[in-house]
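*Asks:* What follows is model.cif, made up of mmCIF, C-alpha atoms:
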```
data_target
loop_
_atom_site.group_PDB
_atom_site.id
_atom_site.type_symbol
_atom_site.label_atom_id
_atom_site.label_comp_id
_atom_site.auth_asym_id
_atom_site.auth_seq_id
_atom_site.Cartn_x
_atom_site.Cartn_y
_atom_site.Cartn_z
ATOM 1 C CA MET A 1 -100.103 32.597 -40.165
ATOM 2 C CA ASP A 2 -99.401 34.808 -43.095
ATOM 3 C CA ARG A 3 -99.116 33.189 -46.513
ATOM 4 C CA ARG A 4 -98.361 35.038 -49.722
ATOM 5 C CA THR A 5 -99.149 33.689 -53.153
ATOM 6 C CA ARG A 6 -98.337 35.392 -56.457
ATOM 7 C CA PRO A 7 -100.296 33.950 -59.364
ATOM 8 C CA ALA A 8 -100.068 36.142 -62.475
ATOM 9 C CA ASN A 9 -98.422 38.999 -60.533
ATOM 10 C CA LEU A 10 -101.300 38.991 -58.084
ATOM 11 C CA LEU A 11 -100.796 39.092 -54.328
ATOM 12 C CA VAL A 12 -103.285 37.281 -52.117
ATOM 13 C CA ARG A 13 -102.601 37.020 -48.405
ATOM 14 C CA PHE A 14 -104.658 35.603 -45.560
ATOM 15 C CA ALA A 15 -103.753 36.526 -41.978
ATOM 16 C CA LYS A 16 -105.252 35.526 -38.657
ATOM 17 C CA LEU A 17 -106.258 38.441 -36.449
ATOM 18 C CA LYS A 18 -106.274 37.806 -32.709
ATOM 19 C CA GLY A 19 -107.142 39.783 -29.615
ATOM 20 C CA PRO A 20 -110.371 41.300 -28.329
ATOM 21 C CA THR A 21 -109.924 44.518 -30.352
ATOM 22 C CA ALA A 22 -108.967 42.847 -33.650
ATOM 23 C CA ALA A 23 -112.111 43.915 -35.531
ATOM 24 C CA LEU A 24 -111.868 47.529 -34.392
ATOM 25 C CA ARG A 25 -108.117 47.789 -35.097
ATOM 26 C CA ALA A 26 -108.413 46.304 -38.576
ATOM 27 C CA ALA A 27 -111.458 48.416 -39.459
ATOM 28 C CA ARG A 28 -109.723 51.611 -38.303
ATOM 29 C CA HIS A 29 -106.831 50.887 -40.645
ATOM 30 C CA ASN A 30 -109.031 49.800 -43.527
ATOM 31 C CA LEU A 31 -111.346 52.819 -43.238
ATOM 32 C CA ARG A 32 -108.395 55.197 -42.840
ATOM 33 C CA GLU A 33 -109.336 56.320 -39.334
ATOM 34 C CA LEU A 34 -105.720 56.064 -38.125
ATOM 35 C CA ALA A 35 -102.770 58.378 -38.669
ATOM 36 C CA LEU A 36 -101.045 58.021 -42.022
ATOM 37 C CA THR A 37 -98.559 55.230 -42.460
ATOM 38 C CA PRO A 38 -95.484 55.791 -44.674
ATOM 39 C CA ASN A 39 -96.891 53.824 -47.620
ATOM 40 C CA ILE A 40 -100.008 56.032 -47.979
ATOM 41 C CA THR A 41 -99.682 58.927 -50.409
ATOM 42 C CA PRO A 42 -100.355 62.087 -48.351
ATOM 43 C CA GLY A 43 -103.583 63.801 -49.353
ATOM 44 C CA GLN A 44 -104.875 60.671 -51.093
ATOM 45 C CA GLN A 45 -106.198 58.716 -48.097
ATOM 46 C CA HIS A 46 -109.779 59.583 -49.109
ATOM 47 C CA LEU A 47 -109.304 57.315 -52.148
ATOM 48 C CA TYR A 48 -110.788 54.244 -50.545
ATOM 49 C CA ARG A 49 -114.032 52.548 -51.461
ATOM 50 C CA VAL A 50 -116.221 50.419 -49.230
ATOM 51 C CA LEU A 51 -117.515 47.468 -51.257
ATOM 52 C CA LEU A 52 -119.111 45.692 -48.317
ATOM 53 C CA GLY A 53 -119.945 46.622 -44.752
ATOM 54 C CA HIS A 54 -120.175 49.805 -42.772
ATOM 55 C CA GLN A 55 -118.554 53.194 -43.300
ATOM 56 C CA THR A 56 -117.033 53.560 -39.804
ATOM 57 C CA ALA A 57 -114.802 51.327 -37.719
ATOM 58 C CA ASP A 58 -117.174 51.537 -34.747
ATOM 59 C CA ALA A 59 -120.054 50.302 -36.935
ATOM 60 C CA VAL A 60 -117.928 47.428 -38.324
ATOM 61 C CA ASN A 61 -116.972 46.462 -34.760
ATOM 62 C CA ALA A 62 -120.629 46.588 -33.661
ATOM 63 C CA ALA A 63 -121.639 44.376 -36.606
ATOM 64 C CA TYR A 64 -118.898 41.896 -35.659
ATOM 65 C CA LYS A 65 -120.110 41.735 -32.050
ATOM 66 C CA ALA A 66 -123.728 41.374 -33.208
ATOM 67 C CA GLN A 67 -122.754 38.483 -35.498
ATOM 68 C CA LEU A 68 -121.059 36.667 -32.615
ATOM 69 C CA GLU A 69 -124.013 37.334 -30.329
ATOM 70 C CA ALA A 70 -126.462 36.029 -32.938
ATOM 71 C CA ALA A 71 -124.398 32.827 -33.092
ATOM 72 C CA GLY A 72 -124.585 32.500 -29.305
ATOM 73 C CA ILE A 73 -120.900 33.237 -28.789
ATOM 74 C CA ASP A 74 -120.421 35.381 -25.717
ATOM 75 C CA LYS A 75 -116.846 34.642 -24.728
ATOM 76 C CA LEU A 76 -113.707 33.705 -26.650
ATOM 77 C CA ARG A 77 -110.271 32.661 -25.454
ATOM 78 C CA VAL A 78 -107.799 35.513 -25.259
ATOM 79 C CA ASP A 79 -105.669 33.912 -28.003
ATOM 80 C CA ALA A 80 -108.619 32.962 -30.234
ATOM 81 C CA VAL A 81 -108.553 33.891 -33.898
ATOM 82 C CA ARG A 82 -111.212 36.608 -34.143
ATOM 83 C CA LEU A 83 -111.029 37.292 -37.868
ATOM 84 C CA ILE A 84 -109.266 36.232 -41.021
ATOM 85 C CA GLU A 85 -108.104 39.180 -43.101
ATOM 86 C CA ALA A 86 -107.692 38.663 -46.823
ATOM 87 C CA LEU A 87 -105.598 41.107 -48.778
ATOM 88 C CA VAL A 88 -105.968 41.075 -52.558
ATOM 89 C CA SER A 89 -103.550 43.346 -54.381
ATOM 90 C CA LEU A 90 -102.996 44.293 -57.990
ATOM 91 C CA PRO A 91 -99.429 44.811 -59.188
ATOM 92 C CA VAL A 92 -97.993 48.331 -59.032
ATOM 93 C CA GLY A 93 -99.074 50.345 -62.057
ATOM 94 C CA ILE A 94 -102.258 48.406 -62.709
ATOM 95 C CA HIS A 95 -105.447 50.321 -61.978
ATOM 96 C CA ASP A 96 -108.996 49.163 -61.464
ATOM 97 C CA ASP A 97 -110.754 52.510 -61.561
ATOM 98 C CA GLU A 98 -114.269 51.109 -61.154
ATOM 99 C CA SER A 99 -113.223 48.394 -58.639
ATOM 100 C CA ALA A 100 -114.683 45.742 -60.960
ATOM 101 C CA TYR A 101 -111.813 43.311 -60.353
ATOM 102 C CA PHE A 102 -112.087 43.761 -56.610
ATOM 103 C CA GLN A 103 -115.848 43.217 -56.743
ATOM 104 C CA ALA A 104 -115.300 40.016 -58.730
ATOM 105 C CA ALA A 105 -112.717 38.859 -56.166
ATOM 106 C CA LEU A 106 -115.170 39.677 -53.371
ATOM 107 C CA ASP A 107 -117.888 37.677 -55.138
ATOM 108 C CA TRP A 108 -115.467 34.744 -55.325
ATOM 109 C CA MET A 109 -114.753 35.034 -51.582
ATOM 110 C CA ALA A 110 -118.487 35.121 -50.821
ATOM 111 C CA THR A 111 -118.818 31.811 -52.666
ATOM 112 C CA GLU A 112 -115.767 30.265 -50.993
ATOM 113 C CA PHE A 113 -116.348 31.440 -47.404
ATOM 114 C CA GLY A 114 -120.063 32.270 -47.304
ATOM 115 C CA SER A 115 -121.375 35.790 -47.782
ATOM 116 C CA ALA A 116 -122.632 35.895 -44.173
ATOM 117 C CA ASN A 117 -119.021 35.506 -42.998
ATOM 118 C CA LEU A 118 -117.768 38.548 -44.930
ATOM 119 C CA LEU A 119 -117.795 41.466 -42.493
ATOM 120 C CA SER A 120 -116.127 44.219 -44.480
ATOM 121 C CA ALA A 121 -114.376 44.854 -47.791
ATOM 122 C CA VAL A 122 -112.503 48.087 -48.475
ATOM 123 C CA VAL A 123 -110.456 48.954 -51.571
ATOM 124 C CA HIS A 124 -107.417 51.223 -51.083
ATOM 125 C CA LYS A 125 -106.286 53.324 -54.024
ATOM 126 C CA ASP A 126 -103.995 55.639 -52.063
ATOM 127 C CA GLU A 127 -100.873 53.490 -52.239
ATOM 128 C CA SER A 128 -98.599 52.407 -55.084
ATOM 129 C CA ALA A 129 -100.494 49.119 -55.499
ATOM 130 C CA GLN A 130 -104.279 49.152 -55.381
ATOM 131 C CA HIS A 131 -105.522 46.530 -52.953
ATOM 132 C CA MET A 132 -108.563 45.320 -51.033
ATOM 133 C CA HIS A 133 -108.862 44.295 -47.379
ATOM 134 C CA VAL A 134 -111.608 41.767 -46.603
ATOM 135 C CA LEU A 135 -112.479 40.886 -43.007
ATOM 136 C CA ILE A 136 -113.857 37.355 -42.694
ATOM 137 C CA VAL A 137 -115.541 36.089 -39.516
ATOM 138 C CA PRO A 138 -114.436 32.442 -39.152
ATOM 139 C CA LEU A 139 -117.852 31.131 -38.060
ATOM 140 C CA VAL A 140 -118.468 27.556 -39.133
ATOM 141 C CA HIS A 141 -121.662 25.846 -37.972
ATOM 142 C CA GLY A 142 -122.092 28.409 -35.192
ATOM 143 C CA ARG A 143 -118.562 28.037 -33.822
ATOM 144 C CA MET A 144 -115.486 30.196 -34.246
ATOM 145 C CA GLN A 145 -113.046 28.065 -36.250
ATOM 146 C CA GLY A 146 -110.207 30.455 -37.054
ATOM 147 C CA SER A 147 -107.450 28.003 -36.182
ATOM 148 C CA ASP A 148 -109.182 25.241 -38.126
ATOM 149 C CA LEU A 149 -109.471 27.391 -41.232
ATOM 150 C CA GLU A 150 -105.812 26.972 -42.076
ATOM 151 C CA PRO A 151 -106.852 25.517 -45.454
ATOM 152 C CA LEU A 152 -108.034 29.045 -46.342
ATOM 153 C CA THR A 153 -104.411 29.936 -46.864
ATOM 154 C CA LEU A 154 -103.926 26.992 -49.193
ATOM 155 C CA LEU A 155 -106.845 27.556 -51.565
ATOM 156 C CA PRO A 156 -106.015 27.389 -55.242
ATOM 157 C CA PHE A 157 -105.995 30.898 -56.648
ATOM 158 C CA GLU A 158 -106.857 29.885 -60.199
ATOM 159 C CA ALA A 159 -110.273 31.502 -59.748
ATOM 160 C CA LEU A 160 -108.769 34.876 -58.835
ATOM 161 C CA ARG A 161 -106.150 34.588 -61.565
ATOM 162 C CA SER A 162 -108.830 33.929 -64.196
ATOM 163 C CA VAL A 163 -110.970 36.780 -62.831
ATOM 164 C CA TYR A 164 -107.949 39.102 -63.123
ATOM 165 C CA ALA A 165 -107.073 37.935 -66.636
ATOM 166 C CA SER A 166 -110.647 38.339 -67.849
ATOM 167 C CA GLN A 167 -111.034 41.969 -66.771
ATOM 168 C CA PRO A 168 -110.680 44.208 -69.825
ATOM 169 C CA TYR A 169 -111.528 47.215 -67.643
ATOM 170 C CA VAL A 170 -108.402 46.803 -65.527
ATOM 171 C CA SER A 171 -105.886 49.176 -67.068
ATOM 172 C CA ARG A 172 -102.446 47.654 -67.392
ATOM 173 C CA PRO A 173 -99.188 49.444 -68.070
ATOM 174 C CA HIS A 174 -98.057 49.529 -71.675
ATOM 175 C CA GLN A 175 -95.384 46.999 -72.429
#
```
Can you give me the file's structure in the form of structure tokens?

*Replies:*
Amino acid sequence: MDRRTRPANLLVRFAKLKGPTAALRAARHNLRELALTPNITPGQQHLYRVLLGHQTADAVNAAYKAQLEAAGIDKLRVDAVRLIEALVSLPVGIHDDESAYFQAALDWMATEFGSANLLSAVVHKDESAQHMHVLIVPLVHGRMQGSDLEPLTLLPFEALRSVYASQPYVSRPHQ
């Protein structure tokens, strides 16, 4: 499921990630360990910032596996939802140089989903729209509940909209 919501020119998307290599694949993209994609500005891929989690995809993947092991989960169905990925994006032309908005959005997600369930958060500033990828482990009461977390995609985004509107340090284009 992929749902897009645009409050106050803000894009928030939640997607279910499936497959046994979901954590590693997502972390490789988020930490820019893959070949460039067309939307990345060449020579700018170093402009990412890790707000939460490890600095390498292998370390993120190891942390994911350790979290499952600690919860007593040793085997998942092949089609199980392994992670929920949240994408929070600012509109093109709006810059958050200190990542303060993204940190505030991450703090909101920690409250909504539980900080222990947030595996990784990486801000990308090498594309036309600055954005943050957050990997969320859908553990609820010691069980993987990715399919049952459908309401995640329906959360009211008033909190993120008010966080965005209240950030004087987010530079907006002149109108």

*Asks:* Smallest atom-to-atom distance to A:Asp97: which of A:Ala23, A:Val137, A:Ile40, A:Leu47, using only C-alpha atoms?

*Replies:* A:Leu47

*Asks:* For a quick check of your reading of the model, name the residues lying within 8 Å of the coordinate (-109.9, 60.4, -41.9), counting only C-alpha atoms, and write them as a PyMOL selection string.

*Replies:* chain A and resi 31-34+45-46

*Asks:* Calculated over all atoms listed in the file, which of the candidates A:Lys65, A:His29, A:Lys18, A:His133 has the smallest distance to A:Leu83?

*Replies:*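 Of the candidates, the smallest distance to A:Leu83 is held by A:Lys18.
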
*Asks:* The PyMOL selection byres ((chain A and resi 132) around 10) on the file shown: which residues, as a list in words?

*Replies:*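 When the PyMOL selection byres ((chain A and resi 132) around 10) is applied to the shown file, the picked residues are Val12, Asn30, Tyr48, Arg49, Val50, Leu51, Ala86, Leu87, Val88, Ser89, Leu90, Ser99, Phe102, Gln103, Ala105, Leu106, Ala121, Val122, Val123, His124, Lys125, Ala129, Gln130, His131, His133, Val134 and Leu135 of chain A.
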
*Asks:* Okay, now the selection with C-alpha atoms, as a tab-separated table (two decimals), keeping the file's coordinate frame?

*Replies:*
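Result written to again.tsv:
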```tsv
chain	number	residue	atom	x	y	z
A	12	VAL	CA	-103.28	37.28	-52.12
A	30	ASN	CA	-109.03	49.80	-43.53
A	48	TYR	CA	-110.79	54.24	-50.54
A	49	ARG	CA	-114.03	52.55	-51.46
A	50	VAL	CA	-116.22	50.42	-49.23
A	51	LEU	CA	-117.52	47.47	-51.26
A	86	ALA	CA	-107.69	38.66	-46.82
A	87	LEU	CA	-105.60	41.11	-48.78
A	88	VAL	CA	-105.97	41.08	-52.56
A	89	SER	CA	-103.55	43.35	-54.38
A	90	LEU	CA	-103.00	44.29	-57.99
A	99	SER	CA	-113.22	48.39	-58.64
A	102	PHE	CA	-112.09	43.76	-56.61
A	103	GLN	CA	-115.85	43.22	-56.74
A	105	ALA	CA	-112.72	38.86	-56.17
A	106	LEU	CA	-115.17	39.68	-53.37
A	121	ALA	CA	-114.38	44.85	-47.79
A	122	VAL	CA	-112.50	48.09	-48.48
A	123	VAL	CA	-110.46	48.95	-51.57
A	124	HIS	CA	-107.42	51.22	-51.08
A	125	LYS	CA	-106.29	53.32	-54.02
A	129	ALA	CA	-100.49	49.12	-55.50
A	130	GLN	CA	-104.28	49.15	-55.38
A	131	HIS	CA	-105.52	46.53	-52.95
A	133	HIS	CA	-108.86	44.30	-47.38
A	134	VAL	CA	-111.61	41.77	-46.60
A	135	LEU	CA	-112.48	40.89	-43.01
```

*Asks:* Could you list, as a PyMOL selection string, every residue within 9 Å of A:Thr41, counting all atoms listed in the file and ignoring same-chain residues fewer than 6 positions away?

*Replies:* chain A and resi 126-128

*Asks:* Please identify all polymer residues lying at most 9 Å from the point (-114.7, 44.5, -31.2) (file coordinates), using all atoms listed in the file, and present the result as a list in words.

*Replies:*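 Nearby residues: Pro20, Thr21, Ala22, Ala23, Leu24, Arg25, Asp58, Val60, Asn61, Ala62, Ala63, Tyr64 and Lys65 of chain A.
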
*Asks:* Just the selected residues (C-alpha atoms), exported as a compact mmCIF listing (two decimals), in the coordinates of the input, please.

*Replies:*
```txt
# COMPACT_ATOMS: atom_id res chain seq x y z
CA PRO A 20 -110.37 41.30 -28.33
CA THR A 21 -109.92 44.52 -30.35
CA ALA A 22 -108.97 42.85 -33.65
CA ALA A 23 -112.11 43.92 -35.53
CA LEU A 24 -111.87 47.53 -34.39
CA ARG A 25 -108.12 47.79 -35.10
CA ASP A 58 -117.17 51.54 -34.75
CA VAL A 60 -117.93 47.43 -38.32
CA ASN A 61 -116.97 46.46 -34.76
CA ALA A 62 -120.63 46.59 -33.66
CA ALA A 63 -121.64 44.38 -36.61
CA TYR A 64 -118.90 41.90 -35.66
CA LYS A 65 -120.11 41.74 -32.05
```

*Asks:* Enter the distance from atom CA of A:Leu139 to atom CA of A:Tyr101, in Å, rounded to one decimal.

*Replies:*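 Between these atoms lies a distance of 26.1 Å.
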
*Asks:* Carefully work through the PyMOL selection byres ((chain A and resi 119) around 6) for this structure and note down the residues it includes, as an MDAnalysis selection string.

*Replies:* chainID A and resid 118 120 135:136

*Asks:* Quick check, in Å to one decimal: how far apart do atom CA of A:Glu112 and atom CA of A:Gly93 lie?

*Replies:*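 According to the coordinates, atom CA of A:Glu112 and atom CA of A:Gly93 are separated by 28.4 Å.
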
*Asks:* List the neighbours of A:Leu76 out to 12 Å using only C-alpha atoms; skip same-chain residues closer than 3 positions along the sequence, and give me the result as a PyMOL selection string.

*Replies:* chain A and resi 18-20+65+68-69+72-73+79-82+143-146

*Asks:* In Å, how far is it from atom CA of A:Asn117 to atom CA of A:His54?

*Replies:*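 Value for the atom CA of A:Asn117-atom CA of A:His54 distance: 14.3 Å.
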
*Asks:* Between A:Leu11, A:Ala116, A:Ala104, A:Ala27, which residue has the minimum interatomic distance to A:Thr56, considering only C-alpha atoms?

*Replies:*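 Nearest candidate to A:Thr56 out of A:Leu11, A:Ala116, A:Ala104, A:Ala27: A:Ala27.
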
*Asks:* Would you fill out stretch 88-106 of chain A with N, CA, C and O atoms and return it as an mmCIF file, keeping the file's coordinate frame?

*Replies:*
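New file rebuild_2.cif:
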```cif
data_model
loop_
_atom_site.group_PDB
_atom_site.id
_atom_site.type_symbol
_atom_site.label_atom_id
_atom_site.label_comp_id
_atom_site.auth_asym_id
_atom_site.auth_seq_id
_atom_site.Cartn_x
_atom_site.Cartn_y
_atom_site.Cartn_z
ATOM 1 N N VAL A 88 -106.075 41.357 -51.128
ATOM 2 C CA VAL A 88 -105.968 41.075 -52.558
ATOM 3 C C VAL A 88 -105.376 42.326 -53.196
ATOM 4 O O VAL A 88 -105.950 43.408 -53.076
ATOM 5 N N SER A 89 -104.241 42.184 -53.846
ATOM 6 C CA SER A 89 -103.550 43.346 -54.381
ATOM 7 C C SER A 89 -103.230 43.174 -55.864
ATOM 8 O O SER A 89 -102.830 42.097 -56.300
ATOM 9 N N LEU A 90 -103.424 44.248 -56.592
ATOM 10 C CA LEU A 90 -102.996 44.293 -57.990
ATOM 11 C C LEU A 90 -101.531 44.704 -58.025
ATOM 12 O O LEU A 90 -101.047 45.358 -57.106
ATOM 13 N N PRO A 91 -100.816 44.360 -59.067
ATOM 14 C CA PRO A 91 -99.429 44.811 -59.188
ATOM 15 C C PRO A 91 -99.351 46.337 -59.308
ATOM 16 O O PRO A 91 -100.298 46.992 -59.762
ATOM 17 N N VAL A 92 -98.226 46.892 -58.907
ATOM 18 C CA VAL A 92 -97.993 48.331 -59.032
ATOM 19 C C VAL A 92 -98.182 48.741 -60.484
ATOM 20 O O VAL A 92 -97.717 48.052 -61.397
ATOM 21 N N GLY A 93 -98.874 49.827 -60.708
ATOM 22 C CA GLY A 93 -99.074 50.345 -62.057
ATOM 23 C C GLY A 93 -100.327 49.838 -62.741
ATOM 24 O O GLY A 93 -100.658 50.291 -63.830
ATOM 25 N N ILE A 94 -101.008 48.906 -62.137
ATOM 26 C CA ILE A 94 -102.258 48.406 -62.709
ATOM 27 C C ILE A 94 -103.404 49.023 -61.918
ATOM 28 O O ILE A 94 -103.397 48.995 -60.693
ATOM 29 N N HIS A 95 -104.362 49.592 -62.633
ATOM 30 C CA HIS A 95 -105.447 50.321 -61.978
ATOM 31 C C HIS A 95 -106.798 49.727 -62.331
ATOM 32 O O HIS A 95 -107.060 49.381 -63.477
ATOM 33 N N ASP A 96 -107.622 49.639 -61.327
ATOM 34 C CA ASP A 96 -108.996 49.163 -61.464
ATOM 35 C C ASP A 96 -109.885 50.314 -61.030
ATOM 36 O O ASP A 96 -110.369 50.354 -59.902
ATOM 37 N N ASP A 97 -110.071 51.268 -61.915
ATOM 38 C CA ASP A 97 -110.754 52.510 -61.561
ATOM 39 C C ASP A 97 -112.173 52.309 -61.056
ATOM 40 O O ASP A 97 -112.639 53.035 -60.194
ATOM 41 N N GLU A 98 -112.881 51.344 -61.566
ATOM 42 C CA GLU A 98 -114.269 51.109 -61.154
ATOM 43 C C GLU A 98 -114.379 50.014 -60.097
ATOM 44 O O GLU A 98 -115.481 49.641 -59.721
ATOM 45 N N SER A 99 -113.260 49.466 -59.641
ATOM 46 C CA SER A 99 -113.223 48.394 -58.639
ATOM 47 C C SER A 99 -113.921 47.115 -59.111
ATOM 48 O O SER A 99 -114.355 46.300 -58.309
ATOM 49 N N ALA A 100 -114.012 46.925 -60.413
ATOM 50 C CA ALA A 100 -114.683 45.742 -60.960
ATOM 51 C C ALA A 100 -113.922 44.467 -60.622
ATOM 52 O O ALA A 100 -114.536 43.450 -60.284
ATOM 53 N N TYR A 101 -112.586 44.497 -60.719
ATOM 54 C CA TYR A 101 -111.813 43.311 -60.353
ATOM 55 C C TYR A 101 -112.011 42.985 -58.882
ATOM 56 O O TYR A 101 -112.235 41.831 -58.510
ATOM 57 N N PHE A 102 -111.940 44.001 -58.040
ATOM 58 C CA PHE A 102 -112.087 43.761 -56.610
ATOM 59 C C PHE A 102 -113.485 43.242 -56.271
ATOM 60 O O PHE A 102 -113.639 42.379 -55.408
ATOM 61 N N GLN A 103 -114.494 43.733 -56.967
ATOM 62 C CA GLN A 103 -115.848 43.217 -56.743
ATOM 63 C C GLN A 103 -115.933 41.756 -57.166
ATOM 64 O O GLN A 103 -116.545 40.943 -56.480
ATOM 65 N N ALA A 104 -115.304 41.412 -58.279
ATOM 66 C CA ALA A 104 -115.300 40.016 -58.730
ATOM 67 C C ALA A 104 -114.559 39.134 -57.725
ATOM 68 O O ALA A 104 -114.997 38.017 -57.430
ATOM 69 N N ALA A 105 -113.457 39.621 -57.181
ATOM 70 C CA ALA A 105 -112.717 38.859 -56.166
ATOM 71 C C ALA A 105 -113.560 38.698 -54.907
ATOM 72 O O ALA A 105 -113.572 37.629 -54.287
ATOM 73 N N LEU A 106 -114.288 39.746 -54.536
ATOM 74 C CA LEU A 106 -115.170 39.677 -53.371
ATOM 75 C C LEU A 106 -116.293 38.676 -53.600
ATOM 76 O O LEU A 106 -116.639 37.894 -52.702
#
```
